[in-house]
Amino acid sequence: MQIYLLVDAGQTGTRVRITQGSGGHIDDAVAGVRATEDPERHLARVVTDALRRHGSPVDQVAAGLSGLQGTRGRPRALLEEWSAFGARRVVLADDSVTAYLAAIGDRPGVVVSVGTGVVALATGGRGGWARVD
């Protein structure tokens, strides 16, 4: 049975869920990503703390992270750090992408996320996209 650690790290707050294939889960909420903080440093701290508290191995870590635009992101370095906790896969995306996928899936459309910040992500039928933050 796979165990996943899922993170939604926005500026207002960060939510963490550890879930098993059977549907059971553990939830936690901590402070959000500060504008002056490196988003991945925040993620590394939050996930490492959650992994230590959980106590048993986690197979995969997936995170939507405020401030992770473009080619930023070092999932391999994070995988190396978290492999001691059993992680075999790390997936990172900007939180505008994860919000879009949660709301619309892979269909064309627009999602506007409003919290501490505001971001809009739109995709078109031919693979085009636009993002405003």
# chains A, B, ... in the order shown; residues from 1 in each chain; ligands from 1
call {"tool": "select_by_dssp", "arguments": {"residues": "segment 61-124 of chain A", "states": "helix (DSSP H, G or I)", "output": "VMD selection string"}}
result
chain A and resid 75 to 85 95 to 103
call {"tool": "select_by_dssp", "arguments": {"residues": "chain A", "states": "strand (DSSP E or B)", "output": "MDAnalysis selection string"}}
result
chainID A and resid 3:9 13:20 25:31 60:65 89:94 109:114 118:123 129:132
call {"tool": "closest_atom_pairs", "arguments": {"of": "segment 87-117 of chain A", "to": "segment 33-39 of chain A", "cutoff": "12 Å", "atoms": "only C-alpha atoms", "output": "CSV"}}
result
residue,atom,partner,partner_atom,distance
A:Leu92,CA,A:Pro39,CA,11.2
A:Ala93,CA,A:Pro39,CA,11.4
A:Asp94,CA,A:Pro39,CA,10.1
A:Asp95,CA,A:Pro39,CA,11.1
A:Thr116,CA,A:Val33,CA,10.2
A:Gly117,CA,A:Ala35,CA,10.2
call {"tool": "closest_residue", "arguments": {"among": "A:Ala84, A:Val91, A:Ile104, A:Ala31", "to": "Ser56 of chain A", "atoms": "only C-alpha atoms"}}
result
A:Ala84
call {"tool": "residues_around", "arguments": {"residues": "Thr14 of chain A", "least_positions_apart": "5", "cutoff": "10 Å", "atoms": "only C-alpha atoms", "output": "JSON, numbers by chain"}}
result
{"A": [7, 8, 9, 28, 29, 30, 31, 32, 33, 42, 43, 46, 64, 65, 66]}
call {"tool": "residues_around", "arguments": {"residues": "Arg17 of chain A", "least_positions_apart": "2", "cutoff": "7 Å", "atoms": "only C-alpha atoms", "output": "mmCIF file with all heavy atoms, in the first residue's frame"}}
result
data_model
loop_
_atom_site.group_PDB
_atom_site.id
_atom_site.type_symbol
_atom_site.label_atom_id
_atom_site.label_comp_id
_atom_site.auth_asym_id
_atom_site.auth_seq_id
_atom_site.Cartn_x
_atom_site.Cartn_y
_atom_site.Cartn_z
ATOM 1 N N LEU A 5 2.679 11.809 0.871
ATOM 2 C CA LEU A 5 2.680 13.042 1.633
ATOM 3 C C LEU A 5 2.381 14.154 0.633
ATOM 4 O O LEU A 5 3.133 14.360 -0.317
ATOM 5 C CB LEU A 5 4.021 13.268 2.317
ATOM 6 C CG LEU A 5 4.028 14.393 3.346
ATOM 7 C CD1 LEU A 5 5.014 14.084 4.454
ATOM 8 C CD2 LEU A 5 4.306 15.729 2.749
ATOM 9 N N LEU A 6 1.272 14.834 0.823
ATOM 10 C CA LEU A 6 0.798 15.860 -0.102
ATOM 11 C C LEU A 6 0.857 17.217 0.584
ATOM 12 O O LEU A 6 0.477 17.344 1.756
ATOM 13 C CB LEU A 6 -0.633 15.550 -0.530
ATOM 14 C CG LEU A 6 -0.869 14.108 -1.004
ATOM 15 C CD1 LEU A 6 -2.351 13.835 -1.146
ATOM 16 C CD2 LEU A 6 -0.111 13.843 -2.281
ATOM 17 N N VAL A 7 1.308 18.241 -0.144
ATOM 18 C CA VAL A 7 1.476 19.562 0.442
ATOM 19 C C VAL A 7 0.862 20.617 -0.467
ATOM 20 O O VAL A 7 1.083 20.611 -1.681
ATOM 21 C CB VAL A 7 2.976 19.895 0.648
ATOM 22 C CG1 VAL A 7 3.140 21.267 1.284
ATOM 23 C CG2 VAL A 7 3.671 18.832 1.473
ATOM 24 N N ARG A 15 -0.816 23.425 4.037
ATOM 25 C CA ARG A 15 -1.555 22.238 4.489
ATOM 26 C C ARG A 15 -0.794 20.996 4.070
ATOM 27 O O ARG A 15 -0.281 20.917 2.958
ATOM 28 C CB ARG A 15 -2.956 22.235 3.892
ATOM 29 C CG ARG A 15 -3.792 23.398 4.412
ATOM 30 C CD ARG A 15 -5.144 23.406 3.806
ATOM 31 N NE ARG A 15 -5.006 23.652 2.372
ATOM 32 C CZ ARG A 15 -6.012 23.653 1.518
ATOM 33 N NH1 ARG A 15 -7.222 23.382 1.925
ATOM 34 N NH2 ARG A 15 -5.811 23.900 0.245
ATOM 35 N N THR A 19 -1.462 10.344 3.369
ATOM 36 C CA THR A 19 -2.587 9.482 3.042
ATOM 37 C C THR A 19 -2.112 8.131 2.535
ATOM 38 O O THR A 19 -1.061 8.022 1.907
ATOM 39 C CB THR A 19 -3.519 10.166 2.011
ATOM 40 O OG1 THR A 19 -4.657 9.356 1.779
ATOM 41 C CG2 THR A 19 -2.805 10.426 0.702
ATOM 42 N N HIS A 25 -6.100 9.139 6.421
ATOM 43 C CA HIS A 25 -5.148 10.224 6.280
ATOM 44 C C HIS A 25 -4.938 10.978 7.595
ATOM 45 O O HIS A 25 -5.738 10.906 8.509
ATOM 46 C CB HIS A 25 -5.568 11.191 5.183
ATOM 47 C CG HIS A 25 -6.882 11.866 5.448
ATOM 48 N ND1 HIS A 25 -8.073 11.336 5.030
ATOM 49 C CD2 HIS A 25 -7.189 13.013 6.094
ATOM 50 C CE1 HIS A 25 -9.054 12.143 5.407
ATOM 51 N NE2 HIS A 25 -8.548 13.165 6.049
ATOM 52 N N ILE A 26 -3.818 11.687 7.625
ATOM 53 C CA ILE A 26 -3.450 12.557 8.732
ATOM 54 C C ILE A 26 -3.269 13.946 8.140
ATOM 55 O O ILE A 26 -2.543 14.122 7.159
ATOM 56 C CB ILE A 26 -2.125 12.094 9.381
ATOM 57 C CG1 ILE A 26 -2.256 10.667 9.908
ATOM 58 C CG2 ILE A 26 -1.699 13.062 10.475
ATOM 59 C CD1 ILE A 26 -0.928 10.052 10.299
ATOM 60 N N ASP A 27 -3.921 14.969 8.722
ATOM 61 C CA ASP A 27 -3.819 16.338 8.230
ATOM 62 C C ASP A 27 -3.086 17.217 9.221
ATOM 63 O O ASP A 27 -3.152 16.995 10.433
ATOM 64 C CB ASP A 27 -5.210 16.932 7.989
ATOM 65 C CG ASP A 27 -5.909 16.295 6.799
ATOM 66 O OD1 ASP A 27 -5.223 15.943 5.834
ATOM 67 O OD2 ASP A 27 -7.132 16.157 6.848
ATOM 68 N N ASP A 28 -2.418 18.239 8.700
ATOM 69 C CA ASP A 28 -1.733 19.214 9.528
ATOM 70 C C ASP A 28 -1.751 20.543 8.783
ATOM 71 O O ASP A 28 -1.835 20.576 7.557
ATOM 72 C CB ASP A 28 -0.283 18.768 9.776
ATOM 73 C CG ASP A 28 0.380 19.503 10.926
ATOM 74 O OD1 ASP A 28 -0.315 20.212 11.681
ATOM 75 O OD2 ASP A 28 1.606 19.358 11.075
#
call {"tool": "residues_around", "arguments": {"residues": "Trp82 of chain A", "least_positions_apart": "3", "cutoff": "10 Å", "atoms": "only C-alpha atoms", "output": "NGL selection string"}}
result
:A and (44 or 47-48 or 51 or 57-61 or 76-79 or 85-90)
call {"tool": "write_last_selection", "arguments": {"atoms": "C-alpha atoms", "output": "compact mmCIF listing (two decimals), in the first residue's frame"}}
result
# COMPACT_ATOMS: atom_id res chain seq x y z
CA ALA A 44 11.92 21.16 2.97
CA VAL A 47 7.95 18.05 4.87
CA THR A 48 10.92 16.95 7.00
CA LEU A 51 8.02 12.90 7.99
CA PRO A 57 8.10 5.47 5.51
CA VAL A 58 6.37 7.60 2.89
CA ASP A 59 6.63 6.46 -0.75
CA GLN A 60 5.93 9.72 -2.59
CA VAL A 61 5.90 13.45 -1.85
CA ARG A 76 16.10 15.54 -7.07
CA ALA A 77 17.83 17.32 -4.17
CA LEU A 78 14.67 17.02 -2.08
CA LEU A 79 14.33 13.34 -3.02
CA PHE A 85 12.25 8.52 5.14
CA GLY A 86 11.48 6.07 2.32
CA ALA A 87 10.54 8.60 -0.38
CA ARG A 88 11.08 7.22 -3.88
CA ARG A 89 9.48 10.06 -5.84
CA VAL A 90 9.09 13.84 -5.43
